[in-house]
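A short write-up of the structure that comes next.
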Amino acid sequence: MKRISILFISLLSLLILSSCNRIEELNKEEYINSFYCYHTLGEEEAVGIDLRTLEEYGNGHLKGYINYNFENGNKEEFIIFVTSVYNKDTYIFLIDKTGEYVNLASNVLKDEGYKHIVIYKDGFDSICEYASDYIPIVEGIDDCGC
């Protein structure tokens, strides 16, 4: 039953995310189910980017997410970080500690021409309990599940 629920929510999320050049702010269920659908099931090219510090990331992050410390970086570095690996059709899922940096990072990506940007504004800690039912929370900086 849980898988059927995931697929239904994922299909609903696919409809939501099909818009061009928009930043989609999703609730925790939609956010996690969409990432699960895109990344884990491989339906589309997707990447999760955790914008917290390396220490916070190392203490626990969603499996499959990579780290970019947005607080210590700058706009130009972030653009280089993303554009050197991901094309503008990639679904980019952003999360941070408190929601402060997802807005900044998503606007940078939107201005750069990325079409599918998905954010969760309530922060990593608020999503952990729900997320762990679908995507493992892993520790360490070399254990991204990529």
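By order in the structure tokens, chains are A, B, ...; within a chain, residues start at 1; ligands start at 1, following the order shown.
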
Val82 of chain A environment, 12 Å, only C-alpha atoms, sequence neighbours closer than 6 positions dropped, as a ChimeraX atom specification: /A:46-49,66-68,75-76,88,90-94,105-106,108-110,112-114

Expected answer as a PyMOL selection string: strand (DSSP E) residues in segment 34-65 of chain A: chain A and resi 46-50+61-62+65

Can I get the selected residues back with C-alpha atoms, as a compact mmCIF listing (two decimals), in the first residue's frame?
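The result, written out as selection.txt:
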# COMPACT_ATOMS: atom_id res chain seq x y z
CA ALA A 46 18.03 14.31 -11.00
CA VAL A 47 20.42 15.44 -8.31
CA GLY A 48 19.90 16.32 -4.69
CA ILE A 49 22.13 19.08 -3.35
CA ASP A 50 22.49 19.56 0.39
CA HIS A 61 22.23 13.50 4.96
CA LEU A 62 19.74 11.97 2.56
CA TYR A 65 22.55 13.93 -2.08

Pro136 of chain A surroundings by only C-alpha atoms, 12 Å radius, close-in-sequence under 3 positions cut, as number ranges by chain: A: 32, 36, 40, 60-65, 127-133, 139, 143-145

Residues from last step as file, N, CA, C and O atoms, as an mmCIF file, in the first residue's frame:
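Written out: out33.cif:
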data_model
loop_
_atom_site.group_PDB
_atom_site.id
_atom_site.type_symbol
_atom_site.label_atom_id
_atom_site.label_comp_id
_atom_site.auth_asym_id
_atom_site.auth_seq_id
_atom_site.Cartn_x
_atom_site.Cartn_y
_atom_site.Cartn_z
ATOM 1 N N ILE A 32 10.103 14.478 -0.862
ATOM 2 C CA ILE A 32 10.768 13.178 -0.746
ATOM 3 C C ILE A 32 10.259 12.205 -1.792
ATOM 4 O O ILE A 32 11.038 11.493 -2.431
ATOM 5 N N TYR A 36 12.519 10.512 -4.658
ATOM 6 C CA TYR A 36 12.528 9.051 -4.754
ATOM 7 C C TYR A 36 12.188 8.624 -6.180
ATOM 8 O O TYR A 36 12.860 7.786 -6.764
ATOM 9 N N THR A 40 15.810 7.608 -7.369
ATOM 10 C CA THR A 40 15.877 6.186 -7.073
ATOM 11 C C THR A 40 15.325 5.347 -8.217
ATOM 12 O O THR A 40 15.901 4.333 -8.580
ATOM 13 N N GLY A 60 24.927 13.530 8.863
ATOM 14 C CA GLY A 60 23.718 12.874 8.383
ATOM 15 C C GLY A 60 23.107 13.635 7.223
ATOM 16 O O GLY A 60 22.932 14.848 7.303
ATOM 17 N N HIS A 61 22.845 12.903 6.145
ATOM 18 C CA HIS A 61 22.228 13.498 4.960
ATOM 19 C C HIS A 61 21.401 12.436 4.250
ATOM 20 O O HIS A 61 21.521 11.246 4.517
ATOM 21 N N LEU A 62 20.545 12.881 3.346
ATOM 22 C CA LEU A 62 19.735 11.966 2.558
ATOM 23 C C LEU A 62 20.637 11.253 1.554
ATOM 24 O O LEU A 62 21.423 11.896 0.853
ATOM 25 N N LYS A 63 20.519 9.934 1.505
ATOM 26 C CA LYS A 63 21.348 9.154 0.592
ATOM 27 C C LYS A 63 21.089 9.605 -0.842
ATOM 28 O O LYS A 63 19.956 9.761 -1.268
ATOM 29 N N GLY A 64 22.170 9.816 -1.554
ATOM 30 C CA GLY A 64 22.076 10.260 -2.934
ATOM 31 C C GLY A 64 22.293 11.750 -3.108
ATOM 32 O O GLY A 64 22.457 12.224 -4.225
ATOM 33 N N TYR A 65 22.316 12.487 -2.010
ATOM 34 C CA TYR A 65 22.545 13.926 -2.082
ATOM 35 C C TYR A 65 24.033 14.215 -2.055
ATOM 36 O O TYR A 65 24.800 13.517 -1.403
ATOM 37 N N ILE A 127 12.642 17.207 7.996
ATOM 38 C CA ILE A 127 12.253 16.211 7.003
ATOM 39 C C ILE A 127 12.788 14.815 7.334
ATOM 40 O O ILE A 127 12.336 13.829 6.779
ATOM 41 N N CYS A 128 13.717 14.724 8.258
ATOM 42 C CA CYS A 128 14.422 13.466 8.524
ATOM 43 C C CYS A 128 13.500 12.300 8.871
ATOM 44 O O CYS A 128 13.642 11.213 8.323
ATOM 45 N N GLU A 129 12.588 12.496 9.786
ATOM 46 C CA GLU A 129 11.744 11.380 10.223
ATOM 47 C C GLU A 129 10.922 10.834 9.063
ATOM 48 O O GLU A 129 10.869 9.634 8.837
ATOM 49 N N TYR A 130 10.297 11.695 8.316
ATOM 50 C CA TYR A 130 9.496 11.250 7.169
ATOM 51 C C TYR A 130 10.391 10.634 6.092
ATOM 52 O O TYR A 130 10.087 9.577 5.543
ATOM 53 N N ALA A 131 11.494 11.284 5.799
ATOM 54 C CA ALA A 131 12.369 10.845 4.716
ATOM 55 C C ALA A 131 12.936 9.462 4.961
ATOM 56 O O ALA A 131 13.087 8.672 4.028
ATOM 57 N N SER A 132 13.263 9.149 6.197
ATOM 58 C CA SER A 132 13.934 7.883 6.496
ATOM 59 C C SER A 132 13.079 6.667 6.160
ATOM 60 O O SER A 132 13.599 5.564 6.029
ATOM 61 N N ASP A 133 11.774 6.841 5.989
ATOM 62 C CA ASP A 133 10.916 5.735 5.556
ATOM 63 C C ASP A 133 11.119 5.411 4.077
ATOM 64 O O ASP A 133 10.739 4.342 3.623
ATOM 65 N N GLU A 139 25.538 8.768 7.107
ATOM 66 C CA GLU A 139 26.566 9.626 7.683
ATOM 67 C C GLU A 139 27.839 9.510 6.885
ATOM 68 O O GLU A 139 28.073 8.525 6.190
ATOM 69 N N ASP A 143 29.804 9.046 1.561
ATOM 70 C CA ASP A 143 28.738 8.061 1.454
ATOM 71 C C ASP A 143 27.474 8.702 0.883
ATOM 72 O O ASP A 143 26.422 8.664 1.476
ATOM 73 N N CYS A 144 27.598 9.305 -0.288
ATOM 74 C CA CYS A 144 26.456 10.036 -0.854
ATOM 75 C C CYS A 144 25.479 9.118 -1.565
ATOM 76 O O CYS A 144 24.372 9.536 -1.886
ATOM 77 N N GLY A 145 25.843 7.877 -1.849
ATOM 78 C CA GLY A 145 24.941 6.985 -2.552
ATOM 79 C C GLY A 145 24.817 7.317 -4.031
ATOM 80 O O GLY A 145 23.860 6.917 -4.683
#

Helix (DSSP H, G or I) per DSSP on the backbone: members of chain A, as a ChimeraX atom specification: /A:2-17,28-40,54-59,75-83,100-112,124-131

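The residue set within 12 Å of Leu104 of chain A, counting only C-alpha atoms and dropping same-chain residues fewer than 5 places from it, reads Ile23, Leu51, Phe70, Glu71, Gly73, Asn74, Lys75, Phe78, Ile79, Leu94, Ile95, Asp96, Gly99, Leu109, Lys110, Asp111, Ile117, Ile119 and Lys121 of chain A.
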
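Across the structure, atom CA of Leu54 of chain A and atom CA of Ile141 of chain A are spaced 7.3 Å apart.
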
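Taking only C-alpha atoms into account, Tyr120 of chain A lies nearest to A:Thr98 out of the set A:Thr98, A:Tyr57, A:Glu77, A:Val138.
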
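When only C-alpha atoms are used to compute distances to Phe124 of chain A, the closest of the residues A:Gly58, A:Tyr86, A:Lys97, A:Val102 turns out to be A:Lys97.
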
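Among the candidate residues A:Asn59, A:Asn103, A:Asn69, A:Asn87, the one lying nearest to Glu25 of chain A is A:Asn103, with distances computed using only C-alpha atoms.
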